[in-house]
Amino acid sequence: MDNANTWSTLRELRRAAPLVHSITNYVAMDVTANALLAIGASPAMVHAIEEVEEFVAISSALVVNIGTLSPTWVDSMTRAARHANALGKPWVLDPVGSGATSYRTLVSRELARLHPTVLRGNASEILAVAGGEARTKGVDSVHGSEQALGVARELAAELGCVVAVTGEVDVVSDGARVLRVENGHPMMTKVTALGCAATALTGAFLAVQPDPLLASAQALGVLGLCGEIAARAADGPGSLRWRLLDALYNLDEAAVLRGLRIRE
Amino acid sequence: MDNANTWSTLRELRRAAPLVHSITNYVAMDVTANALLAIGASPAMVHAIEEVEEFVAISSALVVNIGTLSPTWVDSMTRAARHANALGKPWVLDPVGSGATSYRTLVSRELARLHPTVLRGNASEILAVAGGEARTKGVDSVHGSEQALGVARELAAELGCVVAVTGEVDVVSDGARVLRVENGHPMMTKVTALGCAATALTGAFLAVQPDPLLASAQALGVLGLCGEIAARAADGPGSLRWRLLDALYNLDEAAVLRGLRIRE
Amino acid sequence: MDNANTWSTLRELRRAAPLVHSITNYVAMDVTANALLAIGASPAMVHAIEEVEEFVAISSALVVNIGTLSPTWVDSMTRAARHANALGKPWVLDPVGSGATSYRTLVSRELARLHPTVLRGNASEILAVAGGEARTKGVDSVHGSEQALGVARELAAELGCVVAVTGEVDVVSDGARVLRVENGHPMMTKVTALGCAATALTGAFLAVQPDPLLASAQALGVLGLCGEIAARAADGPGSLRWRLLDALYNLDEAAVLRGLRIRE
């Protein structure tokens with residue numbers, strides 16, 4: 001893919017500073033909000049059922065992440081997702097830990113059937129949403145993303161959404177087209193909730209990039225590239241985390257044009 | 001204002017290490033607790049209705065922040081605030097996102113009528129609490145603090161509390177007096193929950209400074225000054241955040257006397 | 001104690017990457033998850049009563065921390081703890097703030113009677129669980145750990161578990177044996193939730209070290225040692241925190257053999 005397109009999306013994101021409504025898990029809230037601010041979006045975490053519809057209405061995109069789900073929160077996620085659909089706003093679903101417990105698998109499948117714009121997970125989670133016999137290790141994948149590609153394409157076609165499977169190489173498909181994102185660094189798996197941050201950034205990119213396949217690949221590419229930049233100077237996951245936020249904030253045209261590796 | 005007075009308050013804060021009871025939002029908990037520890041206070045996050053009154057009773061100040069509100073939490077906030085009043089303990093209210101949804105506006109107005117010692121928000125939030133036609137962008141302000149000054153003074157007089165409006169310049173009023181705090185750095189808006197940290201530090205200063213107008217201005221000045229110190233060496237919001245905590249911990253008399261810019 | 005044993009446990013932990021199920025407080029979630037990842041474990045925060053039993057079943061250890069407790073969460077903690085017992089999985093209890101309110105004291109005592117493998121707290125918390133007239137200052141201790149040693153030994157014998165009392169020197173007892181851990185740095189008390197991180201690491205060590213007395217002492221020693229390493233280069237609590245995560249990630253055999261100070 002043309003990296004100039006990604007740069008153009010990112011420039012527009014920083015200009016528009018879209019309000020991204022996140023109903024996400026407790027562990028991810030801090031790093032997610034900071035990643036969204038660093039890239040140039042305006043994050044807000046709002047989950048009460050009394051106000052999620054009104055908040056969707058003023059937001060440019062919605063992020064739904066089931067990491068620390070409970071029935072009350074799932075009700076709010078469902079209400080918010082339906083309202084995003086009614087208003088034609090993009091939303092992204094992160095089925096954290098789908099496959100780990102029957103409750104989590106059930107909820108993630110029900111939410112996936114509400115027509116998210118993008119479904120983003122690791123290979124085990126995507127396989128679990130698709131209904132296969134996926135095993136998982138808690139919230140970490142035991143499958144490679146390439147293994148999940150066939151299932152992801154079928155699931156994307158069936159659900160009518162984009163499916164993004166993240167791993168060593170990320171694969172993104174809308175059922176017809178496939179993009180591979182080769183950016184990223186292994187140390188990123190040692191910082192909690194960077195998968196959740198990928199989902200949140202996807203929400204921010206969806207707010208300004210009308211093609212959800214491109215939005216997904218661009219968000220994952222930008223996060224992965226910033227992870228690479230951060231890892232060059234990091235001494236471990238503690239320093240990787242803040243350096244990643246600095247890199248998101250400072251990412252410039254030259255780095256995007258030179259460093260992004262998004263392939264068809 | 002005399003910066004020696006601020007230094008004296010800060011020295012007393014570090015000596016007393018007051019217990020600051022926070023009922024705050026999920027996003028802000030980590031950075032809020034760390035900011036309170038760094039400045040020398042002893043933070044505790046306690047929200048269950050079964051124990052908030054007992055906890056208020058052993059605390060020196062209460063912080064109420066509605067960022068990720070839900071009815072259960074609002075009940076606890078209300079109970080805790082009333083008990084703080086009954087015991088004569090200072091408390092500070094942060095009406096995060098007031099104006100963004102009708103639920104949030106309603107709750108923030110109800111809590112504001114419970115006689116907080118200090119009400120701290122951005123201009124949009126303060127205008128919304130005051131009942132005007134304020135618009136907001138999620139949790140970020142679309143108004144300048146000077147625009148809100150007239151309303152803030154009236155609101156302070158009406159509620160019988162101090163109103164602190166933070167922005168590029170912070171304005172603080174008790175209805176009669178007005179102080180302006182000129183410290184701060186624009187990059188601070190790219191780190192999540194630093195507004196919430198300002199509210200939490202206000203709680204800590206209220207525990208040791210009997211004049212709530214001074215306590216508010218001093219807390220905002222100290223946070224802003226530490227933000228400036230941090231920004232000098234920061235490469236982005238990731239490094240700004242931890243450098244800010246280091247600066248709060250290390251802030252000394254010389255830096256306070258030289259760097260604080262609190263004007264009448 | 002032989003430091004080679006600790007190194008052997010740590011090597012096994014990194015090889016096995018055990019899934020550690022945490023039901024913990026909102027403030028601690030981020031740093032806890034990052035500490036577990038940095039040391040080589042696989043953390044997951046899961047609290048819904050609908051799924052805690054299934055999640056315990058796929059985990060290697062359970063962490064229960066009452067820092068921001070409420071009745072719903074306590075129900076899940078109780079259910080999870082009972083299920084861990086039924087399946088013979090180790091679990092660790094952190095009675096945060098026990099003694100500060102009657103609700104907190106009651107809940108911590110009830111959970112302590114469910115036969116945790118390890119009970120980890122500061123001196124005030126352990127004294128409160130034991131039923132004495134302990135006073136506490138919010139969530140911070142007002143007692144030294146040596147003062148609590150006698151009570152801790154008796155409590156360990158009574159409950160049939162290991163009791164770990166952390167402080168300037170940590171004391172750990174199973175009722176018969178006593179170990180002292182002399183690692184650590186005073187600046188660690190200025191970073192929120194490092195006590196909670198100690199509890200979480202204890203859970204990770206329990207997953208691979210069958211002797212819970214050794215597991216507790218080794219976890220506390222490793223965290224304290226990494227705190228010392230981090231403090232050498234830190235300018236304050238902000239930098240201490242990320243340097244501690246880097247140190248957990250990089251800790252090698254030479255540093256363990258040379259630096260750990262665990263005494264009988």
# chains A, B, ... in the order shown; residues from 1 in each chain; ligands from 1

call {"tool": "residues_around", "arguments": {"residues": "C:Pro237", "least_positions_apart": "2", "cutoff": "9 Å", "atoms": "only C-alpha atoms", "output": "PyMOL selection string"}}
result
(chain B and resi 34+37-38+242+245-246+249) or (chain C and resi 187-191+231+234-235+239-241)

call {"tool": "write_last_selection", "arguments": {"atoms": "N, CA, C and O atoms", "output": "CSV table (one decimal), in the first residue's frame"}}
result
chain,number,residue,atom,x,y,z
B,34,ASN,N,-0.3,8.2,41.9
B,34,ASN,CA,1.1,8.5,41.8
B,34,ASN,C,1.5,10.0,42.0
B,34,ASN,O,2.5,10.3,42.6
B,37,LEU,N,1.2,10.6,45.8
B,37,LEU,CA,2.4,10.1,46.5
B,37,LEU,C,3.6,10.9,46.2
B,37,LEU,O,4.4,11.2,47.1
B,38,ALA,N,3.8,11.3,45.0
B,38,ALA,CA,5.0,12.1,44.6
B,38,ALA,C,5.1,13.4,45.3
B,38,ALA,O,6.1,13.9,45.7
B,242,TRP,N,6.2,10.7,33.3
B,242,TRP,CA,7.0,10.3,34.4
B,242,TRP,C,7.9,11.4,34.9
B,242,TRP,O,8.2,11.5,36.1
B,245,LEU,N,6.0,13.4,37.5
B,245,LEU,CA,6.0,12.7,38.8
B,245,LEU,C,7.4,12.9,39.5
B,245,LEU,O,7.4,13.2,40.7
B,246,ASP,N,8.4,12.8,38.8
B,246,ASP,CA,9.8,13.1,39.4
B,246,ASP,C,9.8,14.5,39.8
B,246,ASP,O,10.4,14.8,40.9
B,249,TYR,N,8.0,15.2,43.1
B,249,TYR,CA,8.8,14.6,44.2
B,249,TYR,C,10.0,15.5,44.6
B,249,TYR,O,10.3,15.6,45.8
C,187,MET,N,12.2,4.5,48.2
C,187,MET,CA,11.5,5.2,47.2
C,187,MET,C,10.3,4.4,46.6
C,187,MET,O,9.4,4.9,46.0
C,188,MET,N,10.4,3.1,46.8
C,188,MET,CA,9.3,2.2,46.3
C,188,MET,C,8.0,2.5,46.9
C,188,MET,O,6.9,2.3,46.3
C,189,THR,N,8.0,3.1,48.1
C,189,THR,CA,6.7,3.4,48.8
C,189,THR,C,6.1,4.7,48.2
C,189,THR,O,4.9,5.0,48.5
C,190,LYS,N,6.8,5.3,47.3
C,190,LYS,CA,6.2,6.5,46.6
C,190,LYS,C,5.7,6.2,45.2
C,190,LYS,O,5.3,7.1,44.5
C,191,VAL,N,5.6,4.9,44.9
C,191,VAL,CA,5.0,4.5,43.7
C,191,VAL,C,3.8,3.6,44.1
C,191,VAL,O,3.9,2.7,44.9
C,231,ALA,N,16.3,2.1,41.5
C,231,ALA,CA,16.5,3.3,42.3
C,231,ALA,C,17.9,3.9,42.1
C,231,ALA,O,18.1,5.1,42.2
C,234,ALA,N,17.2,6.1,39.1
C,234,ALA,CA,16.0,6.9,39.1
C,234,ALA,C,16.2,8.3,39.7
C,234,ALA,O,17.0,8.4,40.6
C,235,ASP,N,15.5,9.2,39.2
C,235,ASP,CA,15.5,10.6,39.7
C,235,ASP,C,14.3,10.9,40.6
C,235,ASP,O,14.1,12.0,41.0
C,239,SER,N,10.4,7.9,37.4
C,239,SER,CA,11.4,7.0,36.7
C,239,SER,C,11.6,5.7,37.4
C,239,SER,O,11.9,4.7,36.7
C,240,LEU,N,11.4,5.7,38.7
C,240,LEU,CA,11.6,4.4,39.4
C,240,LEU,C,10.6,3.4,38.8
C,240,LEU,O,11.0,2.2,38.7
C,241,ARG,N,9.4,3.8,38.6
C,241,ARG,CA,8.4,2.8,38.1
C,241,ARG,C,8.8,2.1,36.8
C,241,ARG,O,8.7,0.9,36.7

call {"tool": "select_by_dssp", "arguments": {"residues": "stretch 3-235 of chain A", "states": "strand (DSSP E)", "output": "mmCIF file with N, CA and C atoms, in the first residue's frame"}}
result
data_model
loop_
_atom_site.group_PDB
_atom_site.id
_atom_site.type_symbol
_atom_site.label_atom_id
_atom_site.label_comp_id
_atom_site.auth_asym_id
_atom_site.auth_seq_id
_atom_site.Cartn_x
_atom_site.Cartn_y
_atom_site.Cartn_z
ATOM 1 N N LEU A 19 -13.191 12.805 18.458
ATOM 2 C CA LEU A 19 -13.596 12.276 19.764
ATOM 3 C C LEU A 19 -13.854 10.780 19.612
ATOM 4 N N VAL A 20 -13.096 9.959 20.340
ATOM 5 C CA VAL A 20 -13.229 8.503 20.270
ATOM 6 C C VAL A 20 -13.801 8.006 21.597
ATOM 7 N N HIS A 21 -15.005 7.478 21.518
ATOM 8 C CA HIS A 21 -15.718 6.977 22.695
ATOM 9 C C HIS A 21 -15.285 5.536 22.957
ATOM 10 N N SER A 22 -14.689 5.294 24.125
ATOM 11 C CA SER A 22 -14.206 3.955 24.444
ATOM 12 C C SER A 22 -14.970 3.350 25.613
ATOM 13 N N ILE A 23 -15.493 2.148 25.371
ATOM 14 C CA ILE A 23 -15.997 1.332 26.480
ATOM 15 C C ILE A 23 -15.026 0.171 26.541
ATOM 16 N N SER A 42 -8.989 12.559 20.569
ATOM 17 C CA SER A 42 -9.529 13.026 21.844
ATOM 18 C C SER A 42 -10.314 11.866 22.460
ATOM 19 N N PRO A 43 -9.735 11.180 23.449
ATOM 20 C CA PRO A 43 -10.393 9.992 24.002
ATOM 21 C C PRO A 43 -11.375 10.324 25.122
ATOM 22 N N ALA A 44 -12.399 9.496 25.264
ATOM 23 C CA ALA A 44 -13.276 9.588 26.432
ATOM 24 C C ALA A 44 -13.762 8.189 26.781
ATOM 25 N N MET A 45 -13.678 7.852 28.071
ATOM 26 C CA MET A 45 -14.142 6.562 28.569
ATOM 27 C C MET A 45 -15.477 6.794 29.263
ATOM 28 N N ALA A 61 -16.214 7.980 16.599
ATOM 29 C CA ALA A 61 -16.046 6.530 16.494
ATOM 30 C C ALA A 61 -16.218 5.939 17.884
ATOM 31 N N LEU A 62 -16.564 4.650 17.901
ATOM 32 C CA LEU A 62 -16.785 3.937 19.164
ATOM 33 C C LEU A 62 -15.837 2.740 19.230
ATOM 34 N N VAL A 63 -15.274 2.511 20.415
ATOM 35 C CA VAL A 63 -14.410 1.350 20.659
ATOM 36 C C VAL A 63 -15.068 0.492 21.741
ATOM 37 N N VAL A 64 -15.261 -0.787 21.458
ATOM 38 C CA VAL A 64 -15.851 -1.713 22.427
ATOM 39 C C VAL A 64 -14.845 -2.827 22.687
ATOM 40 N N ASN A 65 -14.461 -2.985 23.938
ATOM 41 C CA ASN A 65 -13.407 -3.928 24.329
ATOM 42 C C ASN A 65 -13.883 -4.680 25.563
ATOM 43 N N TRP A 91 -17.564 1.640 14.351
ATOM 44 C CA TRP A 91 -17.166 1.113 15.669
ATOM 45 C C TRP A 91 -16.326 -0.134 15.489
ATOM 46 N N VAL A 92 -15.484 -0.373 16.476
ATOM 47 C CA VAL A 92 -14.535 -1.482 16.421
ATOM 48 C C VAL A 92 -14.706 -2.335 17.674
ATOM 49 N N LEU A 93 -14.664 -3.642 17.477
ATOM 50 C CA LEU A 93 -14.855 -4.592 18.581
ATOM 51 C C LEU A 93 -13.556 -5.335 18.856
ATOM 52 N N ASP A 94 -13.179 -5.407 20.137
ATOM 53 C CA ASP A 94 -12.018 -6.188 20.565
ATOM 54 C C ASP A 94 -12.509 -7.304 21.496
ATOM 55 N N VAL A 118 -15.125 -2.945 12.316
ATOM 56 C CA VAL A 118 -13.886 -3.735 12.365
ATOM 57 C C VAL A 118 -13.924 -4.630 13.602
ATOM 58 N N LEU A 119 -13.464 -5.852 13.427
ATOM 59 C CA LEU A 119 -13.266 -6.786 14.538
ATOM 60 C C LEU A 119 -11.769 -7.023 14.634
ATOM 61 N N ARG A 120 -11.164 -6.671 15.791
ATOM 62 C CA ARG A 120 -9.704 -6.806 15.932
ATOM 63 C C ARG A 120 -9.349 -7.720 17.087
ATOM 64 N N GLY A 121 -8.622 -8.776 16.823
ATOM 65 C CA GLY A 121 -8.197 -9.652 17.902
ATOM 66 C C GLY A 121 -6.943 -10.405 17.528
ATOM 67 N N ASN A 122 -6.409 -11.201 18.489
ATOM 68 C CA ASN A 122 -5.314 -12.086 18.104
ATOM 69 C C ASN A 122 -5.929 -13.340 17.462
ATOM 70 N N VAL A 162 -14.660 -5.710 8.519
ATOM 71 C CA VAL A 162 -13.236 -5.990 8.385
ATOM 72 C C VAL A 162 -12.784 -6.790 9.598
ATOM 73 N N VAL A 163 -11.980 -7.827 9.365
ATOM 74 C CA VAL A 163 -11.395 -8.581 10.474
ATOM 75 C C VAL A 163 -9.891 -8.358 10.453
ATOM 76 N N ALA A 164 -9.370 -7.912 11.583
ATOM 77 C CA ALA A 164 -7.931 -7.664 11.723
ATOM 78 C C ALA A 164 -7.364 -8.645 12.742
ATOM 79 N N VAL A 165 -6.442 -9.479 12.299
ATOM 80 C CA VAL A 165 -5.821 -10.478 13.174
ATOM 81 C C VAL A 165 -4.396 -10.039 13.435
ATOM 82 N N THR A 166 -4.103 -9.696 14.677
ATOM 83 C CA THR A 166 -2.769 -9.182 14.975
ATOM 84 C C THR A 166 -1.876 -10.281 15.528
ATOM 85 N N ASP A 170 0.484 -8.831 11.085
ATOM 86 C CA ASP A 170 -0.963 -8.628 11.184
ATOM 87 C C ASP A 170 -1.586 -8.904 9.823
ATOM 88 N N VAL A 171 -2.719 -9.599 9.813
ATOM 89 C CA VAL A 171 -3.442 -9.767 8.556
ATOM 90 C C VAL A 171 -4.818 -9.141 8.710
ATOM 91 N N VAL A 172 -5.223 -8.401 7.679
ATOM 92 C CA VAL A 172 -6.466 -7.638 7.722
ATOM 93 C C VAL A 172 -7.246 -7.965 6.456
ATOM 94 N N SER A 173 -8.527 -8.286 6.611
ATOM 95 C CA SER A 173 -9.317 -8.627 5.432
ATOM 96 C C SER A 173 -10.749 -8.130 5.567
ATOM 97 N N VAL A 178 -7.020 -8.570 1.093
ATOM 98 C CA VAL A 178 -6.205 -8.894 2.261
ATOM 99 C C VAL A 178 -5.002 -7.956 2.296
ATOM 100 N N LEU A 179 -4.719 -7.397 3.465
ATOM 101 C CA LEU A 179 -3.488 -6.629 3.650
ATOM 102 C C LEU A 179 -2.694 -7.256 4.794
ATOM 103 N N ARG A 180 -1.372 -7.206 4.645
ATOM 104 C CA ARG A 180 -0.491 -7.688 5.718
ATOM 105 C C ARG A 180 0.325 -6.510 6.247
ATOM 106 N N VAL A 181 0.394 -6.415 7.559
ATOM 107 C CA VAL A 181 1.171 -5.351 8.202
ATOM 108 C C VAL A 181 2.362 -6.003 8.893
#

call {"tool": "closest_residue", "arguments": {"among": "A:Leu251, A:Ala148, A:Ala86, A:Ala33", "to": "chain B", "atoms": "only C-alpha atoms"}}
result
A:Ala33

call {"tool": "interface_residues", "arguments": {"of": "chain B", "to": "chain A", "cutoff": "12 Å", "atoms": "only C-alpha atoms", "output": "VMD selection string"}}
result
chain B and resid 25 to 32 66 to 74 96 to 107 135 to 141 187 to 194 234 to 243

call {"tool": "atom_distance", "arguments": {"atom1": "atom CA of C:Ala233", "atom2": "atom CA of B:Leu260"}}
result
28.4 Å

call {"tool": "select_by_dssp", "arguments": {"residues": "stretch 60-213 of chain C", "states": "alpha helix (DSSP H)", "output": "ChimeraX atom specification"}}
result
/C:71-87,102-112,123-130,149-159,194-206,212-213

call {"tool": "residues_around", "arguments": {"residues": "A:Gln209", "least_positions_apart": "6", "cutoff": "12 Å", "atoms": "only C-alpha atoms", "output": "PyMOL selection string"}}
result
chain A and resi 5-13+16+18+60-61+90+201-203+215-219

call {"tool": "write_last_selection", "arguments": {"atoms": "all heavy atoms", "output": "short mmCIF file (atom, residue, chain, number, x, y, z; two decimals), in the first residue's frame"}}
result
data_model
loop_
_atom_site.label_atom_id
_atom_site.label_comp_id
_atom_site.auth_asym_id
_atom_site.auth_seq_id
_atom_site.Cartn_x
_atom_site.Cartn_y
_atom_site.Cartn_z
N ASN A 5 -0.64 7.50 1.53
CA ASN A 5 -2.04 7.46 1.96
C ASN A 5 -2.13 7.41 3.49
O ASN A 5 -2.96 8.09 4.11
CB ASN A 5 -2.72 6.24 1.33
CG ASN A 5 -4.22 6.23 1.56
OD1 ASN A 5 -4.69 6.44 2.68
ND2 ASN A 5 -4.99 6.00 0.50
N THR A 6 -1.27 6.61 4.10
CA THR A 6 -1.28 6.54 5.57
C THR A 6 -0.91 7.88 6.18
O THR A 6 -1.53 8.34 7.14
CB THR A 6 -0.30 5.46 6.06
OG1 THR A 6 -0.69 4.20 5.50
CG2 THR A 6 -0.31 5.36 7.58
N TRP A 7 0.10 8.51 5.60
CA TRP A 7 0.50 9.82 6.13
C TRP A 7 -0.64 10.82 5.99
O TRP A 7 -0.92 11.60 6.93
CB TRP A 7 1.75 10.33 5.41
CG TRP A 7 2.07 11.75 5.81
CD1 TRP A 7 1.99 12.85 5.04
CD2 TRP A 7 2.43 12.19 7.12
NE1 TRP A 7 2.30 13.97 5.76
CE2 TRP A 7 2.57 13.60 7.05
CE3 TRP A 7 2.66 11.55 8.34
CZ2 TRP A 7 2.93 14.37 8.15
CZ3 TRP A 7 3.01 12.31 9.44
CH2 TRP A 7 3.15 13.70 9.35
N SER A 8 -1.34 10.76 4.90
CA SER A 8 -2.46 11.67 4.68
C SER A 8 -3.57 11.41 5.72
O SER A 8 -4.16 12.35 6.27
CB SER A 8 -2.96 11.46 3.25
OG SER A 8 -4.24 11.96 3.09
N THR A 9 -3.82 10.14 6.02
CA THR A 9 -4.82 9.81 7.05
C THR A 9 -4.38 10.36 8.41
O THR A 9 -5.17 10.94 9.16
CB THR A 9 -5.02 8.29 7.16
OG1 THR A 9 -5.39 7.77 5.88
CG2 THR A 9 -6.10 7.96 8.17
N LEU A 10 -3.12 10.15 8.73
CA LEU A 10 -2.61 10.57 10.03
C LEU A 10 -2.66 12.10 10.17
O LEU A 10 -3.03 12.63 11.23
CB LEU A 10 -1.18 10.06 10.23
CG LEU A 10 -0.49 10.45 11.53
CD1 LEU A 10 -1.31 10.09 12.76
CD2 LEU A 10 0.89 9.78 11.61
N ARG A 11 -2.32 12.79 9.08
CA ARG A 11 -2.37 14.25 9.12
C ARG A 11 -3.80 14.73 9.37
O ARG A 11 -4.05 15.64 10.16
CB ARG A 11 -1.82 14.82 7.81
CG ARG A 11 -1.23 16.20 7.93
CD ARG A 11 -0.57 16.60 6.64
NE ARG A 11 -1.38 16.14 5.50
CZ ARG A 11 -1.00 16.16 4.23
NH1 ARG A 11 0.20 16.62 3.92
NH2 ARG A 11 -1.79 15.73 3.28
N GLU A 12 -4.74 14.07 8.70
CA GLU A 12 -6.14 14.42 8.88
C GLU A 12 -6.61 14.11 10.30
O GLU A 12 -7.35 14.89 10.91
CB GLU A 12 -7.01 13.67 7.86
CG GLU A 12 -8.51 13.81 8.03
CD GLU A 12 -9.00 15.26 7.96
OE1 GLU A 12 -8.24 16.14 7.51
OE2 GLU A 12 -10.15 15.52 8.39
N LEU A 13 -6.13 13.00 10.85
CA LEU A 13 -6.48 12.63 12.23
C LEU A 13 -6.01 13.73 13.19
O LEU A 13 -6.77 14.17 14.07
CB LEU A 13 -5.82 11.30 12.57
CG LEU A 13 -6.31 10.49 13.77
CD1 LEU A 13 -5.66 9.09 13.75
CD2 LEU A 13 -6.07 11.13 15.10
N ALA A 16 -8.23 16.84 12.71
CA ALA A 16 -9.61 16.72 13.17
C ALA A 16 -9.71 16.42 14.66
O ALA A 16 -10.70 16.76 15.31
CB ALA A 16 -10.33 15.63 12.37
N PRO A 18 -10.41 13.65 16.36
CA PRO A 18 -11.76 13.09 16.56
C PRO A 18 -11.98 12.59 17.98
O PRO A 18 -11.08 12.03 18.60
CB PRO A 18 -11.80 11.92 15.57
CG PRO A 18 -10.37 11.54 15.37
CD PRO A 18 -9.60 12.83 15.44
N SER A 60 -16.95 10.54 17.13
CA SER A 60 -16.68 10.21 15.73
C SER A 60 -16.49 8.72 15.52
O SER A 60 -16.55 8.24 14.39
CB SER A 60 -15.43 10.94 15.26
OG SER A 60 -15.61 12.33 15.34
N ALA A 61 -16.21 7.98 16.60
CA ALA A 61 -16.05 6.53 16.49
C ALA A 61 -16.22 5.94 17.88
O ALA A 61 -16.04 6.63 18.89
CB ALA A 61 -14.68 6.18 15.94
N PRO A 90 -18.75 4.61 12.73
CA PRO A 90 -17.93 3.40 12.76
C PRO A 90 -17.64 2.94 14.19
O PRO A 90 -17.53 3.76 15.09
CB PRO A 90 -16.63 3.86 12.08
CG PRO A 90 -16.56 5.33 12.31
CD PRO A 90 -17.99 5.81 12.33
N LEU A 201 -6.64 2.75 18.51
CA LEU A 201 -6.12 3.54 17.38
C LEU A 201 -6.92 3.23 16.11
O LEU A 201 -7.17 4.14 15.29
CB LEU A 201 -4.64 3.25 17.15
CG LEU A 201 -3.66 3.75 18.21
CD1 LEU A 201 -2.23 3.56 17.75
CD2 LEU A 201 -3.90 5.23 18.54
N THR A 202 -7.34 1.98 15.95
CA THR A 202 -8.20 1.65 14.81
C THR A 202 -9.46 2.50 14.84
O THR A 202 -9.91 3.02 13.80
CB THR A 202 -8.55 0.15 14.83
OG1 THR A 202 -7.33 -0.61 14.78
CG2 THR A 202 -9.43 -0.24 13.65
N GLY A 203 -10.03 2.67 16.03
CA GLY A 203 -11.19 3.55 16.16
C GLY A 203 -10.88 4.96 15.71
O GLY A 203 -11.66 5.59 14.97
N ALA A 215 -8.14 1.83 7.07
CA ALA A 215 -8.06 2.39 8.43
C ALA A 215 -7.40 1.39 9.38
O ALA A 215 -6.52 1.74 10.18
CB ALA A 215 -9.45 2.78 8.93
N SER A 216 -7.83 0.14 9.30
CA SER A 216 -7.30 -0.90 10.19
C SER A 216 -5.81 -1.12 9.94
O SER A 216 -5.00 -1.15 10.88
CB SER A 216 -8.04 -2.22 9.96
OG SER A 216 -9.41 -2.05 10.14
N ALA A 217 -5.46 -1.30 8.69
CA ALA A 217 -4.06 -1.58 8.37
C ALA A 217 -3.17 -0.39 8.72
O ALA A 217 -2.05 -0.55 9.24
CB ALA A 217 -3.92 -1.92 6.88
N GLN A 218 -3.68 0.81 8.48
CA GLN A 218 -2.89 2.01 8.78
C GLN A 218 -2.69 2.17 10.29
O GLN A 218 -1.59 2.51 10.74
CB GLN A 218 -3.57 3.24 8.17
CG GLN A 218 -3.50 3.23 6.64
CD GLN A 218 -4.29 4.35 5.98
OE1 GLN A 218 -5.06 5.05 6.64
NE2 GLN A 218 -4.10 4.51 4.68
N ALA A 219 -3.74 1.94 11.05
CA ALA A 219 -3.61 2.06 12.51
C ALA A 219 -2.61 1.04 13.04
O ALA A 219 -1.74 1.37 13.86
CB ALA A 219 -4.98 1.86 13.17
#
